[in-house]
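Everything below belongs to coords.txt, which stores compact mmCIF, C-alpha atoms (C1' of nucleotides).
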```txt
# COMPACT_ATOMS: atom_id res chain seq x y z
CA MET Y 8 -21.86 5.74 -30.62
CA ASP Y 9 -19.47 8.51 -29.63
CA ALA Y 10 -21.11 9.26 -26.30
CA THR Y 11 -19.03 9.13 -23.16
CA PRO Y 12 -17.57 5.63 -23.12
CA ARG Y 13 -18.40 3.48 -20.15
CA LEU Y 14 -15.49 2.47 -18.02
CA SER Y 15 -16.49 -1.18 -18.31
CA GLU Y 16 -16.18 -0.94 -22.09
CA GLN Y 17 -12.62 0.31 -22.07
CA ALA Y 18 -9.83 -2.03 -23.14
CA CYS Y 19 -7.37 0.21 -21.29
CA PHE Y 20 -9.15 -0.28 -18.00
CA ALA Y 21 -9.29 -4.02 -18.67
CA MET Y 22 -5.49 -4.06 -18.95
CA TYR Y 23 -5.07 -2.01 -15.82
CA ALA Y 24 -7.44 -4.29 -13.88
CA ALA Y 25 -5.95 -7.50 -15.30
CA SER Y 26 -2.45 -6.40 -14.45
CA ARG Y 27 -3.38 -5.74 -10.84
CA ALA Y 28 -5.39 -8.94 -10.62
CA VAL Y 29 -2.52 -11.13 -11.74
CA ILE Y 30 -0.06 -9.39 -9.43
CA GLY Y 31 -2.58 -9.97 -6.65
CA LEU Y 32 -2.61 -13.65 -7.50
CA TYR Y 33 1.18 -13.80 -7.33
CA ARG Y 34 1.32 -11.83 -4.08
CA PRO Y 35 0.54 -14.49 -1.43
CA MET Y 36 2.91 -16.95 -3.09
CA LEU Y 37 5.72 -14.43 -3.52
CA ASP Y 38 5.17 -13.18 0.04
CA ARG Y 39 6.30 -16.54 1.31
CA LEU Y 40 9.55 -16.11 -0.60
CA GLY Y 41 9.92 -12.54 0.67
CA LEU Y 42 9.51 -11.05 -2.81
CA THR Y 43 7.31 -8.51 -4.55
CA TYR Y 44 6.26 -9.00 -8.16
CA PRO Y 45 8.77 -6.51 -9.64
CA GLN Y 46 11.52 -8.07 -7.55
CA PHE Y 47 10.49 -11.47 -8.86
CA LEU Y 48 10.77 -10.16 -12.42
CA VAL Y 49 14.35 -9.06 -11.75
CA LEU Y 50 15.22 -12.52 -10.43
CA MET Y 51 13.65 -14.11 -13.53
CA LEU Y 52 15.98 -12.01 -15.67
CA LEU Y 53 18.99 -13.02 -13.60
CA TRP Y 54 18.08 -16.73 -13.63
CA GLU Y 55 18.14 -16.42 -17.39
CA THR Y 56 21.37 -14.37 -17.53
CA ASP Y 57 23.25 -13.42 -14.39
CA GLY Y 58 25.42 -10.34 -14.02
CA ARG Y 59 23.26 -7.87 -15.94
CA THR Y 60 23.73 -4.15 -15.58
CA VAL Y 61 21.19 -1.95 -13.88
CA SER Y 62 20.26 -0.30 -17.17
CA ASP Y 63 19.86 -3.66 -18.93
CA ILE Y 64 17.40 -4.70 -16.24
CA GLY Y 65 15.60 -1.39 -16.64
CA ASN Y 66 15.33 -1.86 -20.40
CA GLU Y 67 13.98 -5.38 -20.10
CA LEU Y 68 11.34 -4.39 -17.55
CA GLN Y 69 10.68 -1.03 -19.19
CA LEU Y 70 11.37 0.73 -15.90
CA ASP Y 71 13.68 3.68 -15.31
CA SER Y 72 16.58 3.98 -12.88
CA GLY Y 73 14.37 5.79 -10.38
CA THR Y 74 12.38 2.59 -9.98
CA VAL Y 75 15.09 -0.01 -10.50
CA SER Y 76 17.83 1.41 -8.29
CA PRO Y 77 15.93 1.33 -5.00
CA LEU Y 78 14.32 -1.99 -5.97
CA LEU Y 79 17.77 -3.55 -6.38
CA LYS Y 80 18.83 -2.01 -3.10
CA ARG Y 81 15.99 -3.85 -1.37
CA LEU Y 82 16.80 -7.09 -3.20
CA GLU Y 83 20.40 -6.74 -2.02
CA ALA Y 84 19.31 -5.96 1.55
CA ALA Y 85 17.19 -9.14 1.42
CA GLY Y 86 20.31 -11.09 0.41
CA PHE Y 87 19.14 -12.27 -3.02
CA VAL Y 88 21.58 -10.27 -5.17
CA GLU Y 89 24.89 -8.43 -4.98
CA ARG Y 90 25.83 -5.29 -6.86
CA ARG Y 91 29.34 -4.81 -8.21
CA ARG Y 92 30.93 -1.69 -9.66
CA GLU Y 93 32.59 -2.75 -12.91
CA SER Y 94 36.31 -2.01 -13.10
CA ASP Y 95 36.41 -1.45 -16.87
CA ASP Y 96 33.67 1.19 -16.68
CA GLU Y 97 33.16 2.61 -13.22
CA ARG Y 98 29.72 3.94 -14.15
CA ARG Y 99 28.33 0.46 -14.63
CA VAL Y 100 26.99 -1.70 -11.85
CA THR Y 101 26.33 -5.37 -12.50
CA VAL Y 102 23.85 -7.38 -10.48
CA HIS Y 103 24.65 -10.95 -9.46
CA LEU Y 104 22.56 -13.65 -7.83
CA THR Y 105 23.65 -14.84 -4.41
CA ASP Y 106 23.29 -18.54 -3.57
CA SER Y 107 20.11 -17.60 -1.80
CA GLY Y 108 18.76 -15.81 -4.88
CA ALA Y 109 19.73 -18.64 -7.21
CA ALA Y 110 18.04 -21.12 -4.89
CA LEU Y 111 14.65 -19.49 -5.44
CA GLU Y 112 14.56 -20.50 -9.09
CA THR Y 113 12.77 -23.82 -8.59
CA ARG Y 114 10.09 -22.35 -6.33
CA GLY Y 115 9.74 -19.39 -8.67
CA CYS Y 116 9.06 -21.61 -11.67
CA GLU Y 117 6.41 -23.50 -9.73
CA ILE Y 118 4.68 -20.22 -8.98
CA THR Y 119 4.49 -19.22 -12.64
CA GLN Y 120 2.98 -22.63 -13.37
CA VAL Y 121 0.31 -22.13 -10.71
CA VAL Y 122 -0.56 -18.69 -12.04
CA GLY Y 123 -0.85 -20.03 -15.57
CA THR Y 124 -3.31 -22.64 -14.37
CA ALA Y 125 -5.33 -20.10 -12.38
CA SER Y 126 -5.80 -18.01 -15.50
CA GLY Y 127 -8.44 -20.44 -16.70
CA MET Y 128 -6.97 -20.27 -20.20
CA SER Y 129 -5.22 -22.86 -22.29
CA TYR Y 130 -1.57 -22.53 -23.16
CA ASP Y 131 -2.45 -21.46 -26.70
CA GLU Y 132 -4.91 -18.86 -25.48
CA LEU Y 133 -2.32 -17.39 -23.14
CA ILE Y 134 0.22 -17.21 -25.96
CA ALA Y 135 -2.31 -15.46 -28.19
CA LEU Y 136 -3.23 -13.00 -25.47
CA ARG Y 137 0.41 -12.31 -24.72
CA ASP Y 138 1.16 -11.64 -28.39
CA ARG Y 139 -1.79 -9.27 -28.66
CA LEU Y 140 -0.64 -7.35 -25.61
CA ASN Y 141 2.90 -7.15 -26.89
CA GLU Y 142 1.64 -5.75 -30.20
CA PHE Y 143 -0.36 -3.21 -28.26
CA THR Y 144 2.59 -2.21 -26.08
CA ALA Y 145 4.85 -1.89 -29.11
CA SER Y 146 2.34 0.24 -30.97
CA VAL Y 147 1.78 2.48 -27.96
CA GLY Y 148 5.51 2.73 -27.36
CA ASP Y 149 6.06 4.05 -30.88
CA ARG Y 150 3.40 6.67 -30.35
CA GLU Y 151 5.05 7.83 -27.15
CA SER Y 152 8.51 8.20 -28.60
CA ALA Y 153 6.99 9.86 -31.69
CA SER Y 154 5.15 12.57 -29.72
CA GLU Y 155 8.01 13.51 -27.44
CA ASN Y 156 7.44 17.20 -27.91
CA ASN Y 157 4.52 18.07 -30.11
CA THR Y 158 1.34 17.66 -28.07
CA SER Y 159 -0.05 20.78 -29.72
CA GLU Y 160 -1.67 22.93 -27.05
CA MET Q 17 9.31 -27.29 -21.80
CA ASP Q 18 9.27 -26.82 -18.06
CA ALA Q 19 12.59 -25.01 -17.82
CA THR Q 20 12.70 -21.57 -16.25
CA PRO Q 21 10.30 -19.51 -18.33
CA ARG Q 22 11.73 -16.46 -20.01
CA LEU Q 23 10.31 -13.17 -18.90
CA SER Q 24 9.54 -12.24 -22.49
CA GLU Q 25 7.36 -15.33 -22.80
CA GLN Q 26 5.15 -14.49 -19.86
CA ALA Q 27 1.59 -13.31 -20.46
CA CYS Q 28 1.58 -11.82 -16.98
CA PHE Q 29 4.50 -9.58 -17.73
CA ALA Q 30 2.84 -8.59 -21.01
CA MET Q 31 -0.18 -7.37 -19.03
CA TYR Q 32 1.95 -5.52 -16.56
CA ALA Q 33 3.93 -3.85 -19.37
CA ALA Q 34 0.83 -3.08 -21.48
CA SER Q 35 -0.94 -1.52 -18.53
CA ARG Q 36 1.96 0.80 -17.81
CA ALA Q 37 2.39 1.59 -21.50
CA VAL Q 38 -1.20 2.69 -21.97
CA ILE Q 39 -1.15 4.77 -18.79
CA GLY Q 40 2.03 6.34 -20.11
CA LEU Q 41 0.21 7.22 -23.31
CA TYR Q 42 -2.62 8.83 -21.37
CA ARG Q 43 -0.24 10.72 -19.10
CA PRO Q 44 0.78 13.74 -21.21
CA MET Q 45 -2.82 14.34 -22.27
CA LEU Q 46 -4.22 13.95 -18.76
CA ASP Q 47 -1.43 16.11 -17.39
CA ARG Q 48 -2.85 19.02 -19.31
CA LEU Q 49 -6.18 18.48 -17.54
CA GLY Q 50 -4.42 18.16 -14.19
CA LEU Q 51 -5.42 14.50 -13.82
CA THR Q 52 -3.75 11.16 -13.22
CA TYR Q 53 -5.10 8.01 -14.85
CA PRO Q 54 -6.85 6.65 -11.71
CA GLN Q 55 -8.37 10.09 -11.13
CA PHE Q 56 -9.59 10.07 -14.72
CA LEU Q 57 -11.23 6.68 -14.13
CA VAL Q 58 -13.14 8.11 -11.17
CA LEU Q 59 -14.39 10.99 -13.31
CA MET Q 60 -15.48 8.54 -16.02
CA LEU Q 61 -17.60 6.75 -13.42
CA LEU Q 62 -19.14 10.02 -12.25
CA TRP Q 63 -19.86 11.23 -15.79
CA GLU Q 64 -21.82 8.03 -16.18
CA THR Q 65 -23.55 8.26 -12.79
CA ASP Q 66 -22.92 11.13 -10.42
CA GLY Q 67 -23.19 10.92 -6.64
CA ARG Q 68 -21.67 7.49 -6.15
CA THR Q 69 -20.43 6.37 -2.75
CA VAL Q 70 -16.75 5.86 -2.02
CA SER Q 71 -17.22 2.12 -1.77
CA ASP Q 72 -19.13 1.95 -5.06
CA ILE Q 73 -16.22 3.68 -6.76
CA GLY Q 74 -13.84 1.27 -5.09
CA ASN Q 75 -15.84 -1.72 -6.30
CA GLU Q 76 -15.98 -0.47 -9.87
CA LEU Q 77 -12.26 0.21 -10.01
CA GLN Q 78 -11.38 -2.82 -7.91
CA LEU Q 79 -9.47 -0.61 -5.51
CA ASP Q 80 -9.77 -0.53 -1.73
CA SER Q 81 -10.51 2.43 0.52
CA GLY Q 82 -6.83 2.89 1.28
CA THR Q 83 -6.33 3.84 -2.35
CA VAL Q 84 -9.62 5.54 -3.13
CA SER Q 85 -9.96 7.77 -0.06
CA PRO Q 86 -6.78 9.81 -0.57
CA LEU Q 87 -7.35 9.83 -4.34
CA LEU Q 88 -10.76 11.45 -3.83
CA LYS Q 89 -9.21 13.87 -1.39
CA ARG Q 90 -6.83 15.02 -4.13
CA LEU Q 91 -9.65 15.21 -6.68
CA GLU Q 92 -11.57 17.36 -4.23
CA ALA Q 93 -8.54 19.55 -3.55
CA ALA Q 94 -8.21 20.03 -7.32
CA GLY Q 95 -11.83 21.20 -7.39
CA PHE Q 96 -13.24 18.44 -9.63
CA VAL Q 97 -15.48 16.73 -7.06
CA GLU Q 98 -17.19 17.34 -3.73
CA ARG Q 99 -17.75 14.80 -0.98
CA ARG Q 100 -20.94 14.80 1.07
CA ARG Q 101 -21.73 12.89 4.23
CA GLU Q 102 -25.13 11.27 3.69
CA SER Q 103 -27.74 12.18 6.28
CA ASP Q 104 -29.66 8.87 6.13
CA ASP Q 105 -26.50 6.89 6.86
CA GLU Q 106 -23.71 8.95 8.34
CA ARG Q 107 -21.12 6.33 7.41
CA ARG Q 108 -21.64 6.90 3.72
CA VAL Q 109 -19.93 9.59 1.70
CA THR Q 110 -21.17 10.38 -1.80
CA VAL Q 111 -18.97 11.97 -4.41
CA HIS Q 112 -20.38 14.65 -6.74
CA LEU Q 113 -18.94 16.36 -9.79
CA THR Q 114 -18.37 20.09 -9.56
CA ASP Q 115 -19.03 22.22 -12.65
CA SER Q 116 -15.31 22.10 -13.27
CA GLY Q 117 -15.30 18.29 -13.07
CA ALA Q 118 -18.35 17.95 -15.31
CA ALA Q 119 -16.76 20.29 -17.84
CA LEU Q 120 -13.88 17.86 -18.42
CA GLU Q 121 -16.15 15.26 -19.97
CA THR Q 122 -15.79 16.40 -23.57
CA ARG Q 123 -12.00 16.64 -23.41
CA GLY Q 124 -11.90 13.34 -21.58
CA CYS Q 125 -13.82 11.56 -24.31
CA GLU Q 126 -11.50 12.96 -26.94
CA ILE Q 127 -8.56 11.53 -25.06
CA THR Q 128 -9.99 8.02 -25.00
CA GLN Q 129 -10.53 8.31 -28.76
CA VAL Q 130 -6.90 9.28 -29.31
CA VAL Q 131 -5.66 6.39 -27.18
CA GLY Q 132 -7.87 3.95 -29.08
CA THR Q 133 -6.34 5.13 -32.33
CA ALA Q 134 -2.79 4.93 -30.99
CA SER Q 135 -3.32 1.29 -30.08
CA GLY Q 136 -2.88 0.33 -33.71
CA MET Q 137 -5.83 -2.03 -33.41
CA SER Q 138 -9.25 -1.98 -34.99
CA TYR Q 139 -12.36 -1.48 -32.89
CA ASP Q 140 -13.19 -5.19 -33.13
CA GLU Q 141 -9.71 -6.20 -32.12
CA LEU Q 142 -9.84 -3.96 -29.07
CA ILE Q 143 -13.21 -5.40 -28.08
CA ALA Q 144 -11.84 -8.92 -28.41
CA LEU Q 145 -8.76 -8.08 -26.39
CA ARG Q 146 -10.85 -6.39 -23.72
CA ASP Q 147 -13.13 -9.43 -23.42
CA ARG Q 148 -10.16 -11.75 -23.11
CA LEU Q 149 -8.66 -9.63 -20.37
CA ASN Q 150 -11.96 -9.46 -18.52
CA GLU Q 151 -12.26 -13.25 -18.66
CA PHE Q 152 -8.76 -13.48 -17.30
CA THR Q 153 -9.44 -11.02 -14.49
CA ALA Q 154 -12.66 -12.80 -13.54
CA SER Q 155 -10.97 -16.18 -13.48
CA VAL Q 156 -8.09 -14.87 -11.40
CA GLY Q 157 -10.49 -13.07 -9.08
CA ASP Q 158 -12.29 -16.34 -8.35
CA ARG Q 159 -9.01 -18.00 -7.51
CA GLU Q 160 -8.11 -15.26 -5.09
CA SER Q 161 -11.36 -15.32 -3.18
CA ALA Q 162 -11.27 -19.14 -3.20
CA SER Q 163 -7.81 -19.37 -1.60
CA GLU Q 164 -8.38 -16.80 1.11
CA ASN Q 165 -6.84 -18.97 3.76
CA ASN Q 166 -5.53 -22.26 2.52
CA THR Q 167 -2.18 -21.63 0.85
CA SER Q 168 -0.90 -24.80 2.48
CA GLU Q 169 2.52 -24.06 3.89
C1' DA D 3 45.23 17.80 -23.22
C1' DT D 4 40.91 20.42 -22.27
C1' DT D 5 36.42 20.62 -22.06
C1' DA D 6 31.68 19.92 -23.79
C1' DA D 7 28.40 16.28 -24.50
C1' DT D 8 26.92 11.92 -23.24
C1' DT D 9 25.98 8.04 -20.34
C1' DA D 10 25.12 5.12 -15.91
C1' DA D 11 23.35 5.02 -11.61
C1' DG D 12 21.28 7.07 -7.88
C1' DT D 13 18.22 10.67 -5.18
C1' DT D 14 13.99 13.35 -4.29
C1' DG D 15 9.17 14.16 -4.42
C1' DT D 16 4.40 12.83 -5.61
C1' DG D 17 0.73 9.56 -6.41
C1' DC D 18 -0.87 5.21 -6.53
C1' DG D 19 -1.90 0.19 -4.56
C1' DC D 20 -2.48 -2.66 -0.82
C1' DA D 21 -2.16 -4.70 4.01
C1' DA D 22 -3.23 -3.65 8.54
C1' DC D 23 -5.40 -0.83 11.48
C1' DT D 24 -8.58 2.90 13.43
C1' DT D 25 -12.87 5.51 13.97
C1' DA D 26 -17.47 6.01 13.86
C1' DG D 27 -22.06 4.82 12.53
C1' DT D 28 -25.58 0.99 11.93
C1' DT D 29 -27.74 -3.45 12.61
C1' DG D 30 -28.92 -7.68 15.04
C1' DC D 31 -30.16 -10.19 18.98
C1' DG D 32 -30.89 -11.20 23.61
C1' DC C 17 -32.30 -1.28 26.33
C1' DG C 18 -27.49 -2.99 25.98
C1' DC C 19 -23.96 -4.73 23.48
C1' DA C 20 -21.65 -7.57 20.04
C1' DA C 21 -21.08 -7.90 15.04
C1' DC C 22 -20.80 -5.55 11.07
C1' DT C 23 -20.02 -1.88 7.72
C1' DA C 24 -18.12 2.63 5.54
C1' DA C 25 -14.55 5.58 5.29
C1' DG C 26 -10.21 7.01 6.55
C1' DT C 27 -5.07 6.54 8.30
C1' DT C 28 -0.40 4.56 8.35
C1' DG C 29 3.43 2.33 6.39
C1' DC C 30 5.89 0.36 2.57
C1' DG C 31 7.04 -0.57 -2.25
C1' DC C 32 6.57 0.58 -6.66
C1' DA C 33 6.37 4.07 -11.01
C1' DC C 34 7.83 8.10 -12.94
C1' DA C 35 9.42 13.02 -13.56
C1' DA C 36 13.09 15.88 -12.53
C1' DC C 37 17.39 16.29 -10.85
C1' DT C 38 22.28 15.13 -9.19
C1' DT C 39 26.79 12.85 -9.29
C1' DA C 40 30.38 10.70 -11.38
C1' DA C 41 32.64 8.45 -15.23
C1' DT C 42 33.45 8.11 -20.20
C1' DT C 43 33.64 9.75 -24.94
C1' DA C 44 34.05 13.17 -28.63
C1' DA C 45 35.74 16.96 -30.69
C1' DT C 46 38.63 20.21 -31.11
```

Could you take the file, read its structure, and then write that structure out as structure tokens?
Amino acid sequence: MDATPRLSEQACFAMYAASRAVIGLYRPMLDRLGLTYPQFLVLMLLWETDGRTVSDIGNELQLDSGTVSPLLKRLEAAGFVERRRESDDERRVTVHLTDSGAALETRGCEITQVVGTASGMSYDELIALRDRLNEFTASVGDRESASENNTSE
Amino acid sequence: MDATPRLSEQACFAMYAASRAVIGLYRPMLDRLGLTYPQFLVLMLLWETDGRTVSDIGNELQLDSGTVSPLLKRLEAAGFVERRRESDDERRVTVHLTDSGAALETRGCEITQVVGTASGMSYDELIALRDRLNEFTASVGDRESASENNTSE
DNA sequence: ATTAATTAAGTTGTGCGCAACTTAGTTGCG
DNA sequence: CGCAACTAAGTTGCGCACAACTTAATTAAT
């Protein structure tokens, strides 16, 4: 029972594999828009609320500035967003959709629909799976912040 | 109903976030063994069956040679595995645990136990979640191989 | 007002992950 | 045999992820 667990039995590996599989499904569709999956996630956030700060985007995606900053740089180079230094707090940079970035919204929504269909699950099943994963992430997140320092060697 | 979906409502994002969260939980523990999560996965495969080929490992992890080859190179440099050209088919390279690599098995198993506990889910819940994710991955995998060429533009 | 602590964003370095390509060994078919 | 098709592994290039660090602006605390 407590022998070496098989890789195929691991829920963690299943998450890792599922995550890459779904990104792989998005890839050919996003390629045609000139986007990667993380870039697409940023645009989804901005379609919902434009003008977010870099750190807000990082919090939503659970990514740090070392990932988000260069990603936004590429999104700006591609012409989908603009970055503006805020005058009331010069440390802050807000990110704004360009016309070109805003115009992708319709196509982007279609893509999420297609992916949902390809999952082979019903709407309710997807919701249930999502909620389970979010519980898992929350629980794991607590553990991480709890054991900042004390991984007793 | 068909408005722009919120990021927080997306099952795909939940997978992406959960995958990174669990790898983040593994990280400090694996760090102490001098391993990354993908490297740990390779060792799990070899603990189960030693002497696998590079392509077998790639198939199991669903990773291509562009990812696996340099990963194995680093595992070899770290002294956990050895690679051997097979004499019956000179194209094949088999990967073998060193004593040092084999010795990590006990510690490795402990780590998976700890992560299971940190998930905040029961054994049965984890099994159910894993099965759901594997269904999802399988279904998405079919879609990908099906639409190799015909993403009608 | 001065300065220490904090915060926001960005940079650097390493290791994936994957597409596209290369190299070399094997097989198939005339 | 000769050679095209295939296969296994590896290389290159780019975009994440993340740790560790830097820079610059703000706040707090005297």

Next on the checklist: Residues of chain Q within 10 Å of chain D, counting all atoms listed in the file - could you list those as a PyMOL selection string?
Outcome noted: chain Q and resi 52-54+79-84+86-87+90+105-108

Checklist entry - Hey, can you check how far atom CA of Arg34 of chain Y sits from atom C1' of DC34 of chain C? => result 22.8 Å

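Nearest to chain Q of all the residues C:DA45, C:DT39, C:DA33, C:DA24 is C:DA24, based on all atoms listed in the file.
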
Write out as JSON lines a residue-level contact list of chain C versus chain Q with cut-off 12 Å: for each qualifying residue the closest pair of atoms and the distance in Å to one decimal, counting only C-alpha atoms (C1' of nucleotides), rows sorted by chain and residue number upward.
```
{"residue": "C:DT23", "atom": "C1'", "partner": "Q:Arg107", "partner_atom": "CA", "distance": 8.3}
{"residue": "C:DA24", "atom": "C1'", "partner": "Q:Arg107", "partner_atom": "CA", "distance": 5.1}
{"residue": "C:DA25", "atom": "C1'", "partner": "Q:Arg107", "partner_atom": "CA", "distance": 6.9}
{"residue": "C:DG26", "atom": "C1'", "partner": "Q:Ser85", "partner_atom": "CA", "distance": 6.7}
{"residue": "C:DT27", "atom": "C1'", "partner": "Q:Gly82", "partner_atom": "CA", "distance": 8.1}
{"residue": "C:DT28", "atom": "C1'", "partner": "Q:Gly82", "partner_atom": "CA", "distance": 9.7}
{"residue": "C:DG29", "atom": "C1'", "partner": "Q:Gly82", "partner_atom": "CA", "distance": 11.5}
{"residue": "C:DA33", "atom": "C1'", "partner": "Q:Arg36", "partner_atom": "CA", "distance": 8.7}
{"residue": "C:DC34", "atom": "C1'", "partner": "Q:Gly40", "partner_atom": "CA", "distance": 9.4}
{"residue": "C:DA35", "atom": "C1'", "partner": "Q:Arg43", "partner_atom": "CA", "distance": 11.4}
```

Next on the checklist: Tell me as an MDAnalysis selection string which residues belonging to chain Q come within 7 Å of chain Y, counting only C-alpha atoms.
Outcome noted: chainID Q and resid 20 22:23 27:28 30:32 34:35 37:38 41 60:61 64 125 134:136 142:143 145:146 149:150 152:153 155:157 159:160

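Taking atom CA of Val121 of chain Y as the reference point, atom CA of Val102 of chain Y is found at 27.8 Å.
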
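The spacing separating atom CA of Asp57 of chain Y from atom CA of Leu104 of chain Y amounts to 6.6 Å.
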
Next on the checklist: Every residue with an atom at most 9 Å from (-19.7, 16.4, -9.4) (file coordinates; all atoms listed in the file) is what I'm after, so could you write them as a PyMOL selection string?
Outcome noted: chain Q and resi 59+62-63+66-67+96-99+111-118
